[in-house]
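Peer 1: Provided herewith: model.tsv, TSV, C-alpha atoms.
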chain	number	residue	atom	x	y	z
A	173	MET	CA	10.91	118.15	-43.71
A	174	GLN	CA	9.03	114.89	-44.27
A	175	GLN	CA	8.93	115.59	-48.02
A	176	ILE	CA	12.71	115.91	-48.12
A	177	VAL	CA	13.15	112.72	-46.12
A	178	ASP	CA	10.79	110.82	-48.42
A	179	PHE	CA	12.71	112.11	-51.43
A	180	ILE	CA	16.13	111.16	-50.10
A	181	LEU	CA	14.91	107.67	-49.18
A	182	GLU	CA	13.44	107.30	-52.68
A	183	LEU	CA	16.91	108.11	-54.04
A	184	ASP	CA	18.22	105.05	-52.21
A	185	LYS	CA	16.80	103.00	-55.09
A	186	LEU	CA	19.48	104.33	-57.45
A	187	LYS	CA	21.97	102.23	-55.46
A	188	ALA	CA	20.18	99.17	-56.87
A	189	VAL	CA	20.33	100.26	-60.53
A	190	THR	CA	23.27	98.42	-62.05
A	191	ARG	CA	25.34	99.39	-65.05
A	192	LYS	CA	27.47	97.26	-67.39
A	193	VAL	CA	30.93	98.07	-66.03
A	194	ARG	CA	32.39	96.44	-62.93
A	195	PRO	CA	34.32	98.57	-60.43
A	196	LEU	CA	38.04	97.78	-60.69
A	197	GLY	CA	38.84	94.64	-58.74
A	198	LEU	CA	35.23	93.84	-57.84
A	199	GLU	CA	32.99	91.09	-59.20
A	200	ARG	CA	29.73	93.02	-58.92
A	201	TYR	CA	28.51	95.60	-61.40
A	202	GLU	CA	28.72	99.33	-60.79
A	203	ASN	CA	25.54	101.10	-59.70
A	204	SER	CA	24.30	104.47	-60.91
A	205	ALA	CA	24.64	106.17	-57.51
A	206	GLU	CA	28.37	105.54	-57.15
A	207	HIS	CA	28.82	106.32	-60.86
A	208	SER	CA	27.20	109.74	-60.31
A	209	TRP	CA	29.63	110.44	-57.47
A	210	GLN	CA	32.63	109.48	-59.55
A	211	ILE	CA	31.76	111.57	-62.61
A	212	ALA	CA	31.14	114.62	-60.42
A	213	LEU	CA	34.73	114.29	-59.22
A	214	LEU	CA	35.99	113.57	-62.74
A	215	ALA	CA	34.38	116.81	-63.90
A	216	ALA	CA	35.82	118.75	-60.95
A	217	SER	CA	39.30	117.40	-61.72
A	218	LEU	CA	39.02	118.07	-65.45
A	219	ALA	CA	37.53	121.56	-65.18
A	220	PRO	CA	40.66	123.37	-66.48
A	221	TYR	CA	40.29	121.38	-69.73
A	222	ALA	CA	36.68	122.33	-70.51
A	223	GLU	CA	36.12	123.45	-74.08
A	224	ALA	CA	34.56	126.75	-72.94
A	225	PRO	CA	34.42	128.66	-69.64
A	226	ILE	CA	32.05	126.83	-67.31
A	227	ASP	CA	30.42	127.11	-63.91
A	228	ILE	CA	31.82	123.86	-62.50
A	229	HIS	CA	29.33	123.88	-59.63
A	230	ARG	CA	26.43	123.64	-62.02
A	231	VAL	CA	28.19	120.82	-63.86
A	232	ILE	CA	28.60	118.91	-60.60
A	233	ALA	CA	24.96	119.44	-59.63
A	234	MET	CA	23.81	118.26	-63.06
A	235	LEU	CA	25.90	115.11	-62.84
A	236	LEU	CA	24.55	114.29	-59.39
A	237	VAL	CA	20.95	114.35	-60.63
A	238	HIS	CA	21.23	113.25	-64.27
A	239	ASP	CA	20.69	109.50	-63.67
A	240	ILE	CA	17.89	109.72	-61.10
A	241	GLY	CA	15.25	108.84	-63.72
A	242	GLU	CA	16.80	105.38	-63.88
A	243	ILE	CA	15.07	104.64	-60.58
A	244	ASP	CA	11.98	104.03	-62.68
A	245	THR	CA	13.50	103.11	-66.05
A	246	GLY	CA	16.71	101.21	-65.21
A	247	ASP	CA	20.04	101.80	-66.90
A	248	THR	CA	20.39	101.31	-70.65
A	249	ILE	CA	23.86	100.81	-72.05
A	250	VAL	CA	24.92	103.87	-73.98
A	251	PHE	CA	25.28	101.76	-77.13
A	252	ALA	CA	21.63	100.81	-77.31
A	253	THR	CA	20.40	102.16	-80.64
A	254	GLU	CA	16.65	101.68	-80.50
A	255	GLY	CA	13.93	103.12	-78.35
A	256	TRP	CA	15.95	106.17	-77.36
A	257	GLN	CA	13.08	108.65	-77.61
A	258	GLU	CA	10.66	106.45	-75.66
A	259	ARG	CA	13.32	106.01	-73.05
A	260	LYS	CA	13.89	109.74	-72.70
A	261	ALA	CA	10.14	110.34	-72.34
A	262	ALA	CA	10.01	107.70	-69.62
A	263	GLU	CA	12.95	109.31	-67.84
A	264	LEU	CA	11.25	112.70	-67.93
A	265	ALA	CA	8.13	111.17	-66.39
A	266	ALA	CA	10.33	109.54	-63.76
A	267	VAL	CA	12.18	112.67	-62.70
A	268	THR	CA	8.96	114.66	-62.74
A	269	ARG	CA	7.58	112.16	-60.24
A	270	ILE	CA	10.72	111.90	-58.11
A	271	PHE	CA	11.73	115.58	-57.98
A	272	GLY	CA	8.03	116.35	-57.47
A	273	MET	CA	8.31	114.73	-54.05
A	274	LEU	CA	10.25	117.82	-52.91
A	275	PRO	CA	8.96	121.28	-51.95
A	276	GLU	CA	8.66	123.59	-54.95
A	277	PRO	CA	11.94	125.51	-55.09
A	278	GLN	CA	14.11	122.40	-54.76
A	279	ALA	CA	11.90	120.39	-57.15
A	280	ALA	CA	12.12	123.07	-59.82
A	281	SER	CA	15.85	123.50	-59.33
A	282	PHE	CA	16.61	119.79	-59.75
A	283	LEU	CA	14.30	119.49	-62.75
A	284	ALA	CA	15.99	122.47	-64.41
A	285	LEU	CA	19.39	120.84	-63.92
A	286	TRP	CA	18.10	117.58	-65.36
A	287	ARG	CA	16.62	119.34	-68.39
A	288	GLU	CA	19.79	121.35	-68.97
A	289	PHE	CA	21.82	118.14	-68.99
A	290	GLU	CA	19.41	116.41	-71.36
A	291	SER	CA	19.32	119.35	-73.77
A	292	GLY	CA	23.09	119.35	-73.95
A	293	GLU	CA	23.19	122.92	-75.21
A	294	THR	CA	25.04	124.92	-72.57
A	295	PRO	CA	28.82	124.68	-72.11
A	296	GLU	CA	28.11	123.18	-68.67
A	297	ALA	CA	25.87	120.47	-70.12
A	298	ARG	CA	28.38	119.67	-72.87
A	299	PHE	CA	31.18	119.34	-70.33
A	300	ALA	CA	28.97	117.19	-68.09
A	301	HIS	CA	28.21	114.88	-71.02
A	302	ALA	CA	31.92	114.53	-71.76
A	303	ALA	CA	32.60	113.40	-68.18
A	304	ASP	CA	29.63	111.02	-68.19
A	305	ARG	CA	30.65	109.40	-71.48
A	306	ALA	CA	34.32	109.20	-70.61
A	307	MET	CA	34.02	107.44	-67.26
A	308	PRO	CA	32.98	103.95	-68.44
A	309	VAL	CA	35.64	104.20	-71.16
A	310	LEU	CA	38.31	104.95	-68.56
A	311	LEU	CA	37.15	101.98	-66.50
A	312	ASN	CA	37.17	99.70	-69.54
A	313	LEU	CA	40.66	100.87	-70.45
A	314	ALA	CA	41.74	99.85	-66.93
A	315	ASN	CA	39.71	96.64	-67.08
A	316	GLN	CA	40.89	95.09	-70.38
A	317	GLY	CA	37.63	96.12	-72.02
A	318	GLN	CA	35.42	94.11	-69.68
A	319	SER	CA	32.05	95.62	-70.62
A	320	TRP	CA	32.99	95.95	-74.32
A	321	ARG	CA	33.84	92.27	-74.49
A	322	GLU	CA	30.86	91.15	-72.41
A	323	ASN	CA	28.44	93.10	-74.61
A	324	GLY	CA	30.07	92.65	-78.01
A	325	ILE	CA	30.87	96.33	-78.51
A	326	SER	CA	33.35	97.15	-81.28
A	327	HIS	CA	36.02	99.85	-81.34
A	328	GLU	CA	34.18	101.63	-84.17
A	329	ARG	CA	30.96	101.69	-82.21
A	330	VAL	CA	32.62	103.16	-79.11
A	331	VAL	CA	34.36	105.85	-81.14
A	332	ARG	CA	31.25	106.75	-83.12
A	333	ARG	CA	29.21	107.08	-79.95
A	334	ILE	CA	31.59	108.92	-77.63
A	335	ALA	CA	33.90	110.97	-79.86
A	336	PRO	CA	31.38	113.74	-80.69
A	337	PRO	CA	30.21	114.47	-77.12
A	338	ILE	CA	33.69	114.24	-75.59
A	339	LYS	CA	35.25	116.41	-78.31
A	340	ALA	CA	32.48	118.95	-77.83
A	341	GLY	CA	32.88	119.21	-74.07
A	342	CYS	CA	36.52	118.42	-73.38
A	343	PRO	CA	38.74	118.17	-76.48
A	344	ALA	CA	41.93	117.41	-74.52
A	345	LEU	CA	40.23	114.40	-72.99
A	346	TRP	CA	39.25	113.13	-76.41
A	347	ASN	CA	42.84	113.47	-77.65
A	348	TYR	CA	43.95	111.34	-74.73
A	349	LEU	CA	41.20	108.75	-75.16
A	350	GLU	CA	41.61	108.42	-78.93
A	351	ALA	CA	45.17	107.15	-78.51
A	352	ARG	CA	44.25	104.85	-75.60
A	353	LEU	CA	41.33	103.38	-77.54
A	354	GLU	CA	43.61	102.61	-80.47
A	355	GLU	CA	45.98	100.78	-78.11
A	356	ALA	CA	43.03	98.86	-76.68
A	357	ARG	CA	41.96	97.86	-80.19
A	358	GLU	CA	45.44	96.51	-80.90
A	359	LYS	CA	45.26	94.48	-77.69
A	360	GLY	CA	41.92	92.96	-78.68
A	361	TRP	CA	39.88	94.47	-75.85
A	362	PHE	CA	36.73	95.02	-77.94
A	363	GLY	CA	33.92	92.67	-78.78
A	364	ALA	CA	32.40	91.97	-82.22
B	228	MET	CA	45.73	114.28	-68.32
B	229	GLN	CA	47.29	110.99	-67.20
B	230	GLN	CA	47.50	112.30	-63.63
B	231	ILE	CA	43.76	113.04	-63.62
B	232	VAL	CA	42.99	109.60	-65.06
B	233	ASP	CA	45.17	107.88	-62.45
B	234	PHE	CA	43.41	109.85	-59.71
B	235	ILE	CA	39.91	109.04	-60.88
B	236	LEU	CA	40.76	105.33	-61.18
B	237	GLU	CA	42.21	105.43	-57.67
B	238	LEU	CA	38.84	106.80	-56.50
B	239	ASP	CA	37.23	103.62	-57.79
B	240	LYS	CA	38.46	101.96	-54.60
B	241	LEU	CA	35.93	103.92	-52.52
B	242	LYS	CA	33.23	101.77	-54.14
B	243	ALA	CA	34.72	98.84	-52.21
B	244	VAL	CA	34.73	100.54	-48.79
B	245	THR	CA	31.64	99.30	-47.00
B	246	ARG	CA	29.68	100.96	-44.23
B	247	LYS	CA	27.37	99.49	-41.60
B	248	VAL	CA	24.00	100.39	-43.10
B	249	ARG	CA	22.35	98.40	-45.88
B	250	PRO	CA	20.62	100.26	-48.72
B	251	LEU	CA	16.85	99.90	-48.36
B	252	GLY	CA	15.71	96.57	-49.76
B	253	LEU	CA	19.23	95.28	-50.48
B	254	GLU	CA	21.19	92.58	-48.65
B	255	ARG	CA	24.62	94.11	-49.23
B	256	TYR	CA	26.12	96.95	-47.20
B	257	GLU	CA	26.27	100.50	-48.46
B	258	ASN	CA	29.61	101.73	-49.81
B	259	SER	CA	31.19	105.12	-49.17
B	260	ALA	CA	31.00	106.26	-52.81
B	261	GLU	CA	27.22	105.94	-53.10
B	262	HIS	CA	26.88	107.38	-49.58
B	263	SER	CA	28.83	110.47	-50.68
B	264	TRP	CA	26.47	110.94	-53.63
B	265	GLN	CA	23.40	110.64	-51.44
B	266	ILE	CA	24.49	113.12	-48.77
B	267	ALA	CA	25.40	115.67	-51.44
B	268	LEU	CA	21.78	115.51	-52.60
B	269	LEU	CA	20.48	115.53	-49.02
B	270	ALA	CA	22.42	118.75	-48.42
B	271	ALA	CA	21.15	120.28	-51.66
B	272	SER	CA	17.57	119.43	-50.70
B	273	LEU	CA	17.96	120.69	-47.14
B	274	ALA	CA	19.77	123.93	-47.99
B	275	PRO	CA	16.86	126.23	-47.03
B	276	TYR	CA	17.05	124.81	-43.50
B	277	ALA	CA	20.74	125.53	-42.86
B	278	GLU	CA	21.44	127.17	-39.51
B	279	ALA	CA	23.32	130.04	-41.18
B	280	PRO	CA	23.62	131.34	-44.75
B	281	ILE	CA	25.78	128.91	-46.73
B	282	ASP	CA	27.39	128.45	-50.12
B	283	ILE	CA	25.67	125.17	-50.95
B	284	HIS	CA	28.11	124.45	-53.78
B	285	ARG	CA	31.01	124.31	-51.35
B	286	VAL	CA	28.98	122.05	-49.08
B	287	ILE	CA	28.36	119.66	-51.97
B	288	ALA	CA	32.01	119.65	-52.99
B	289	MET	CA	33.06	118.98	-49.39
B	290	LEU	CA	30.67	116.05	-49.09
B	291	LEU	CA	31.91	114.52	-52.34
B	292	VAL	CA	35.52	114.43	-51.11
B	293	HIS	CA	35.16	114.00	-47.33
B	294	ASP	CA	35.30	110.18	-47.28
B	295	ILE	CA	38.10	109.67	-49.82
B	296	GLY	CA	40.66	109.00	-47.08
B	297	GLU	CA	38.76	105.78	-46.34
B	298	ILE	CA	40.38	104.32	-49.45
B	299	ASP	CA	43.43	103.77	-47.24
B	300	THR	CA	41.84	103.60	-43.78
B	301	GLY	CA	38.46	101.91	-44.32
B	302	ASP	CA	35.21	103.11	-42.75
B	303	THR	CA	34.83	103.30	-38.99
B	304	ILE	CA	31.36	103.39	-37.56
B	305	VAL	CA	30.63	106.84	-36.18
B	306	PHE	CA	30.06	105.36	-32.72
B	307	ALA	CA	33.61	104.08	-32.33
B	308	THR	CA	34.98	105.85	-29.28
B	309	GLU	CA	38.67	104.97	-29.32
B	310	GLY	CA	41.52	105.77	-31.66
B	311	TRP	CA	39.78	108.79	-33.17
B	312	GLN	CA	42.89	110.98	-33.33
B	313	GLU	CA	45.07	108.25	-34.83
B	314	ARG	CA	42.37	107.62	-37.37
B	315	LYS	CA	42.17	111.27	-38.35
B	316	ALA	CA	45.96	111.44	-38.77
B	317	ALA	CA	45.81	108.36	-40.99
B	318	GLU	CA	43.02	109.92	-43.06
B	319	LEU	CA	45.05	113.09	-43.53
B	320	ALA	CA	47.99	111.02	-44.75
B	321	ALA	CA	45.62	109.18	-47.09
B	322	VAL	CA	44.08	112.26	-48.69
B	323	THR	CA	47.49	113.91	-48.97
B	324	ARG	CA	48.60	110.88	-50.99
B	325	ILE	CA	45.44	110.58	-53.07
B	326	PHE	CA	44.79	114.27	-53.84
B	327	GLY	CA	48.55	114.57	-54.43
B	328	MET	CA	48.07	112.43	-57.54
B	329	LEU	CA	46.45	115.45	-59.19
B	330	PRO	CA	48.07	118.55	-60.71
B	331	GLU	CA	48.60	121.30	-58.15
B	332	PRO	CA	45.53	123.55	-58.37
B	333	GLN	CA	43.07	120.65	-58.19
B	334	ALA	CA	45.07	118.88	-55.49
B	335	ALA	CA	45.16	121.97	-53.30
B	336	SER	CA	41.49	122.69	-53.88
B	337	PHE	CA	40.36	119.19	-52.84
B	338	LEU	CA	42.66	119.17	-49.83
B	339	ALA	CA	41.29	122.55	-48.71
B	340	LEU	CA	37.73	121.19	-48.94
B	341	TRP	CA	38.69	118.11	-46.96
B	342	ARG	CA	40.38	120.22	-44.25
B	343	GLU	CA	37.43	122.59	-44.06
B	344	PHE	CA	35.08	119.65	-43.50
B	345	GLU	CA	37.33	118.12	-40.85
B	346	SER	CA	37.75	121.41	-38.98
B	347	GLY	CA	33.99	121.82	-38.84
B	348	GLU	CA	34.26	125.54	-38.19
B	349	THR	CA	32.59	127.24	-41.16
B	350	PRO	CA	28.80	127.31	-41.60
B	351	GLU	CA	29.33	125.19	-44.73
B	352	ALA	CA	31.31	122.55	-42.82
B	353	ARG	CA	28.75	122.47	-40.00
B	354	PHE	CA	25.90	121.99	-42.46
B	355	ALA	CA	27.88	119.28	-44.29
B	356	HIS	CA	28.42	117.44	-41.00
B	357	ALA	CA	24.72	117.60	-40.25
B	358	ALA	CA	23.89	115.94	-43.59
B	359	ASP	CA	26.61	113.32	-43.16
B	360	ARG	CA	25.46	112.40	-39.66
B	361	ALA	CA	21.77	112.41	-40.49
B	362	MET	CA	21.87	110.09	-43.50
B	363	PRO	CA	22.56	106.77	-41.74
B	364	VAL	CA	19.96	107.74	-39.12
B	365	LEU	CA	17.36	108.31	-41.83
B	366	LEU	CA	18.21	104.92	-43.34
B	367	ASN	CA	17.98	103.21	-39.96
B	368	LEU	CA	14.63	104.85	-39.30
B	369	ALA	CA	13.42	103.35	-42.60
B	370	ASN	CA	15.11	100.04	-41.89
B	371	GLN	CA	13.81	99.22	-38.40
B	372	GLY	CA	17.18	100.17	-36.91
B	373	GLN	CA	19.17	97.57	-38.86
B	374	SER	CA	22.68	98.87	-38.15
B	375	TRP	CA	21.80	99.92	-34.58
B	376	ARG	CA	20.60	96.43	-33.78
B	377	GLU	CA	23.43	94.68	-35.63
B	378	ASN	CA	26.04	96.73	-33.77
B	379	GLY	CA	24.39	97.01	-30.35
B	380	ILE	CA	23.98	100.80	-30.50
B	381	SER	CA	21.62	102.32	-27.92
B	382	HIS	CA	19.24	105.27	-28.35
B	383	GLU	CA	21.27	107.28	-25.84
B	384	ARG	CA	24.48	106.68	-27.76
B	385	VAL	CA	22.93	107.77	-31.06
B	386	VAL	CA	21.50	110.93	-29.55
B	387	ARG	CA	24.71	111.85	-27.73
B	388	ARG	CA	26.73	111.41	-30.89
B	389	ILE	CA	24.52	113.07	-33.50
B	390	ALA	CA	22.45	115.68	-31.67
B	391	PRO	CA	25.26	118.28	-31.30
B	392	PRO	CA	26.46	118.29	-34.94
B	393	ILE	CA	22.97	118.14	-36.43
B	394	LYS	CA	21.64	120.88	-34.15
B	395	ALA	CA	24.65	123.02	-35.01
B	396	GLY	CA	24.25	122.68	-38.76
B	397	CYS	CA	20.55	122.15	-39.34
B	398	PRO	CA	18.33	122.67	-36.26
B	399	ALA	CA	15.07	121.90	-38.09
B	400	LEU	CA	16.43	118.51	-39.09
B	401	TRP	CA	17.32	117.75	-35.48
B	402	ASN	CA	13.79	118.66	-34.36
B	403	TYR	CA	12.45	116.19	-36.89
B	404	LEU	CA	14.92	113.44	-35.99
B	405	GLU	CA	14.52	113.80	-32.23
B	406	ALA	CA	10.85	112.84	-32.46
B	407	ARG	CA	11.50	110.00	-34.92
B	408	LEU	CA	14.29	108.60	-32.73
B	409	GLU	CA	11.96	108.57	-29.75
B	410	GLU	CA	9.39	106.61	-31.76
B	411	ALA	CA	12.13	104.18	-32.83
B	412	ARG	CA	13.11	103.69	-29.18
B	413	GLU	CA	9.54	102.84	-28.29
B	414	LYS	CA	9.48	100.29	-31.12
B	415	GLY	CA	12.66	98.61	-29.84
B	416	TRP	CA	14.81	99.42	-32.88
B	417	PHE	CA	18.01	99.98	-30.90
B	418	GLY	CA	20.59	97.55	-29.61
B	419	ALA	CA	22.02	97.30	-26.09
Starting from the file, give its structure as structure tokens.
Peer 2:
Amino acid sequence: MQQIVDFILELDKLKAVTRKVRPLGLERYENSAEHSWQIALLAASLAPYAEAPIDIHRVIAMLLVHDIGEIDTGDTIVFATEGWQERKAAELAAVTRIFGMLPEPQAASFLALWREFESGETPEARFAHAADRAMPVLLNLANQGQSWRENGISHERVVRRIAPPIKAGCPALWNYLEARLEEAREKGWFGA
Amino acid sequence: MQQIVDFILELDKLKAVTRKVRPLGLERYENSAEHSWQIALLAASLAPYAEAPIDIHRVIAMLLVHDIGEIDTGDTIVFATEGWQERKAAELAAVTRIFGMLPEPQAASFLALWREFESGETPEARFAHAADRAMPVLLNLANQGQSWRENGISHERVVRRIAPPIKAGCPALWNYLEARLEEAREKGWFGA
């Protein structure tokens, strides 16, 4: 029991890892813990639109654990182009440490979910990636492009980065976003 | 698709609903969105200790939606003794409004999860309640009783309020907490 308690208190640190988007109406930046909660519910709501039949429960579990490595590495904006492999190696070391705080069956189960998400090969992982990539876009579309403007991110860069994973996991969501992103471009909500 | 997007943006408001406990090492108060994420992972980690066989996926889904009514009602500390029924009626109205933003199958599914949690009658709901009640206690035990001292909450009041639901859902967790709470009492970490 003490191992589980130590693990869950270690997870508290994800509440201090900040991302680049601000929650709607708030001045502070979003943290990775509340982001993980929101994308789990986005996936649950979107499940009928998945590109292939999925086990939505595994998708939800993956989304709840996928950012835990950031406790050691911090968040990197999805548009960072360099150092991606080093970062992924550091995240693997981080989750190996953090999940390793748990008794064996739970540790192995969380690590398997994390690896499945990272590999992006199963229908569940592809759908999970679509939800993860779409969420900051939805917030920016409701936020006049706040994090795009603050970080100098262009329309082309957003589309290049998110279109493939969202199309692969949830094509109907991409159809929706493509039109909204074009409207945002016309309104000048992008940087650069 | 627009209905799902409107729903998920409405959920953003839960990031602004603050609770009484502070995340470890942070000055700000915890919000109900990050709390929901953390208790879902607490339940997943604790699953082998459930009092009865459970479908852990339904527990996780319940925990992710159980606080959404607070978007309209705000959080009430678990030790509030008055107005509980009025509050529950207001929360039902809130989740009926918020889940009602979704297309029918998803709306009905989320509302069923919320009602199952509130009724507290299934093994899954009892286990979910145990995780929900235990989490602020675990944070207070790691925080020298911060929210107990700030709100004048006594050891007796904590035990009276949390022992029954935690025993009912996860007896091994109660055994652990009972001893830790006694230590905290000796250290003077309670109010009143």
Peer 1: Extract, using only C-alpha atoms, all DNA, RNA and protein residues at most 10 Å from Glu261 of chain B, discarding same-chain residues fewer than 5 positions from it, and format them as an MDAnalysis selection string.
Peer 2: (chainID A and resid 184 186:187 203:210) or (chainID B and resid 241:242 250 266 291)
Peer 1: Please compute the atom CA of Thr245 of chain B-atom CA of Pro308 of chain A distance, one decimal, in Å.
Peer 2: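 Separation of atom CA of Thr245 of chain B and atom CA of Pro308 of chain A: 22.0 Å.
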Peer 1: Should the cut-off be 9 Å, what would the residue list for chain A against chain B look like, counting only C-alpha atoms, as a ChimeraX atom specification?
Peer 2: /A:173-174,176-177,179-181,183-185,187-188,195-198,202-214,216-219,229-230,232-233,236-237,274-275,278-279,307,310-311,314,344-345,348
Peer 1: Would you save the residues from that selection as a PDB file, keeping the file's coordinate frame, using C-alpha atoms?
Peer 2:
ATOM      1  CA  MET A 173      10.910 118.150 -43.710  1.00  0.00           C
ATOM      2  CA  GLN A 174       9.030 114.890 -44.270  1.00  0.00           C
ATOM      3  CA  ILE A 176      12.710 115.910 -48.120  1.00  0.00           C
ATOM      4  CA  VAL A 177      13.150 112.720 -46.120  1.00  0.00           C
ATOM      5  CA  PHE A 179      12.710 112.110 -51.430  1.00  0.00           C
ATOM      6  CA  ILE A 180      16.130 111.160 -50.100  1.00  0.00           C
ATOM      7  CA  LEU A 181      14.910 107.670 -49.180  1.00  0.00           C
ATOM      8  CA  LEU A 183      16.910 108.110 -54.040  1.00  0.00           C
ATOM      9  CA  ASP A 184      18.220 105.050 -52.210  1.00  0.00           C
ATOM     10  CA  LYS A 185      16.800 103.000 -55.090  1.00  0.00           C
ATOM     11  CA  LYS A 187      21.970 102.230 -55.460  1.00  0.00           C
ATOM     12  CA  ALA A 188      20.180  99.170 -56.870  1.00  0.00           C
ATOM     13  CA  PRO A 195      34.320  98.570 -60.430  1.00  0.00           C
ATOM     14  CA  LEU A 196      38.040  97.780 -60.690  1.00  0.00           C
ATOM     15  CA  GLY A 197      38.840  94.640 -58.740  1.00  0.00           C
ATOM     16  CA  LEU A 198      35.230  93.840 -57.840  1.00  0.00           C
ATOM     17  CA  GLU A 202      28.720  99.330 -60.790  1.00  0.00           C
ATOM     18  CA  ASN A 203      25.540 101.100 -59.700  1.00  0.00           C
ATOM     19  CA  SER A 204      24.300 104.470 -60.910  1.00  0.00           C
ATOM     20  CA  ALA A 205      24.640 106.170 -57.510  1.00  0.00           C
ATOM     21  CA  GLU A 206      28.370 105.540 -57.150  1.00  0.00           C
ATOM     22  CA  HIS A 207      28.820 106.320 -60.860  1.00  0.00           C
ATOM     23  CA  SER A 208      27.200 109.740 -60.310  1.00  0.00           C
ATOM     24  CA  TRP A 209      29.630 110.440 -57.470  1.00  0.00           C
ATOM     25  CA  GLN A 210      32.630 109.480 -59.550  1.00  0.00           C
ATOM     26  CA  ILE A 211      31.760 111.570 -62.610  1.00  0.00           C
ATOM     27  CA  ALA A 212      31.140 114.620 -60.420  1.00  0.00           C
ATOM     28  CA  LEU A 213      34.730 114.290 -59.220  1.00  0.00           C
ATOM     29  CA  LEU A 214      35.990 113.570 -62.740  1.00  0.00           C
ATOM     30  CA  ALA A 216      35.820 118.750 -60.950  1.00  0.00           C
ATOM     31  CA  SER A 217      39.300 117.400 -61.720  1.00  0.00           C
ATOM     32  CA  LEU A 218      39.020 118.070 -65.450  1.00  0.00           C
ATOM     33  CA  ALA A 219      37.530 121.560 -65.180  1.00  0.00           C
ATOM     34  CA  HIS A 229      29.330 123.880 -59.630  1.00  0.00           C
ATOM     35  CA  ARG A 230      26.430 123.640 -62.020  1.00  0.00           C
ATOM     36  CA  ILE A 232      28.600 118.910 -60.600  1.00  0.00           C
ATOM     37  CA  ALA A 233      24.960 119.440 -59.630  1.00  0.00           C
ATOM     38  CA  LEU A 236      24.550 114.290 -59.390  1.00  0.00           C
ATOM     39  CA  VAL A 237      20.950 114.350 -60.630  1.00  0.00           C
ATOM     40  CA  LEU A 274      10.250 117.820 -52.910  1.00  0.00           C
ATOM     41  CA  PRO A 275       8.960 121.280 -51.950  1.00  0.00           C
ATOM     42  CA  GLN A 278      14.110 122.400 -54.760  1.00  0.00           C
ATOM     43  CA  ALA A 279      11.900 120.390 -57.150  1.00  0.00           C
ATOM     44  CA  MET A 307      34.020 107.440 -67.260  1.00  0.00           C
ATOM     45  CA  LEU A 310      38.310 104.950 -68.560  1.00  0.00           C
ATOM     46  CA  LEU A 311      37.150 101.980 -66.500  1.00  0.00           C
ATOM     47  CA  ALA A 314      41.740  99.850 -66.930  1.00  0.00           C
ATOM     48  CA  ALA A 344      41.930 117.410 -74.520  1.00  0.00           C
ATOM     49  CA  LEU A 345      40.230 114.400 -72.990  1.00  0.00           C
ATOM     50  CA  TYR A 348      43.950 111.340 -74.730  1.00  0.00           C
TER      51      TYR A 348
END
Peer 1: Between A:His238, A:Arg357, A:Arg259, A:His301, which one has atoms that come closest to Pro336 of chain A, using all atoms listed in the file?
Peer 2: A:His301
Peer 1: Between atom CA of Ala419 of chain B and atom CA of Lys315 of chain B, measure the distance and give it in Å to one decimal.
Peer 2: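 About the pair atom CA of Ala419 of chain B and atom CA of Lys315 of chain B: they are 27.4 Å apart.
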Peer 1: Between atom CA of Met234 of chain A and atom CA of Ala266 of chain A, what distance in Å does the model show, to one decimal?
Peer 2: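 Computing the Euclidean distance for atom CA of Met234 of chain A and atom CA of Ala266 of chain A yields 16.1 Å.
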Peer 1: Neighbours of Ala320 of chain B within 8 Å (only C-alpha atoms; same-chain residues fewer than 4 positions away dropped), as a list in words?
Peer 2: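 Here the qualifying residues turn out to be Gly296, Ala316 and Arg324 of chain B.
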Peer 1: Please give the centre and size of the box around segment 263-281 of chain A (axis-aligned, containing every atom listed in the file, 6 Å added per side), with values in Å to one decimal and written as AutoDock Vina command-line options.
Peer 2:
--center_x 11.7 --center_y 117.4 --center_z -59.9 --size_x 20.3 --size_y 28.2 --size_z 28.0
Peer 1: Skip Leu338 of chain B itself and residues of its chain fewer than 4 positions away, then list as an mmCIF file with C-alpha atoms, in the frame of the given file all residues within 8 Å of it, counting only C-alpha atoms.
Peer 2:
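Full text of result27.cif as output:
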data_model
loop_
_atom_site.group_PDB
_atom_site.id
_atom_site.type_symbol
_atom_site.label_atom_id
_atom_site.label_comp_id
_atom_site.auth_asym_id
_atom_site.auth_seq_id
_atom_site.Cartn_x
_atom_site.Cartn_y
_atom_site.Cartn_z
ATOM 1 C CA VAL B 322 44.080 112.260 -48.690
ATOM 2 C CA THR B 323 47.490 113.910 -48.970
ATOM 3 C CA PHE B 326 44.790 114.270 -53.840
ATOM 4 C CA ALA B 334 45.070 118.880 -55.490
ATOM 5 C CA ARG B 342 40.380 120.220 -44.250
#
Peer 1: When distances are computed from all atoms listed in the file, which of A:Asp239, A:Glu199, A:Asp227, A:Glu328 shows the smallest separation from Ala297 of chain A?
Peer 2: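 Going through A:Asp239, A:Glu199, A:Asp227, A:Glu328 one by one, the smallest distance to Ala297 of chain A is for A:Asp227.
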Peer 1: Would you list the contacts of Glu351 of chain B as number ranges by chain, taking every protein, DNA or RNA residue within 9 Å and counting only C-alpha atoms, but skipping same-chain residues closer than 3 positions in sequence?
Peer 2: B: 277, 279-283, 285-286, 289, 343-344, 347-348, 354-356, 396
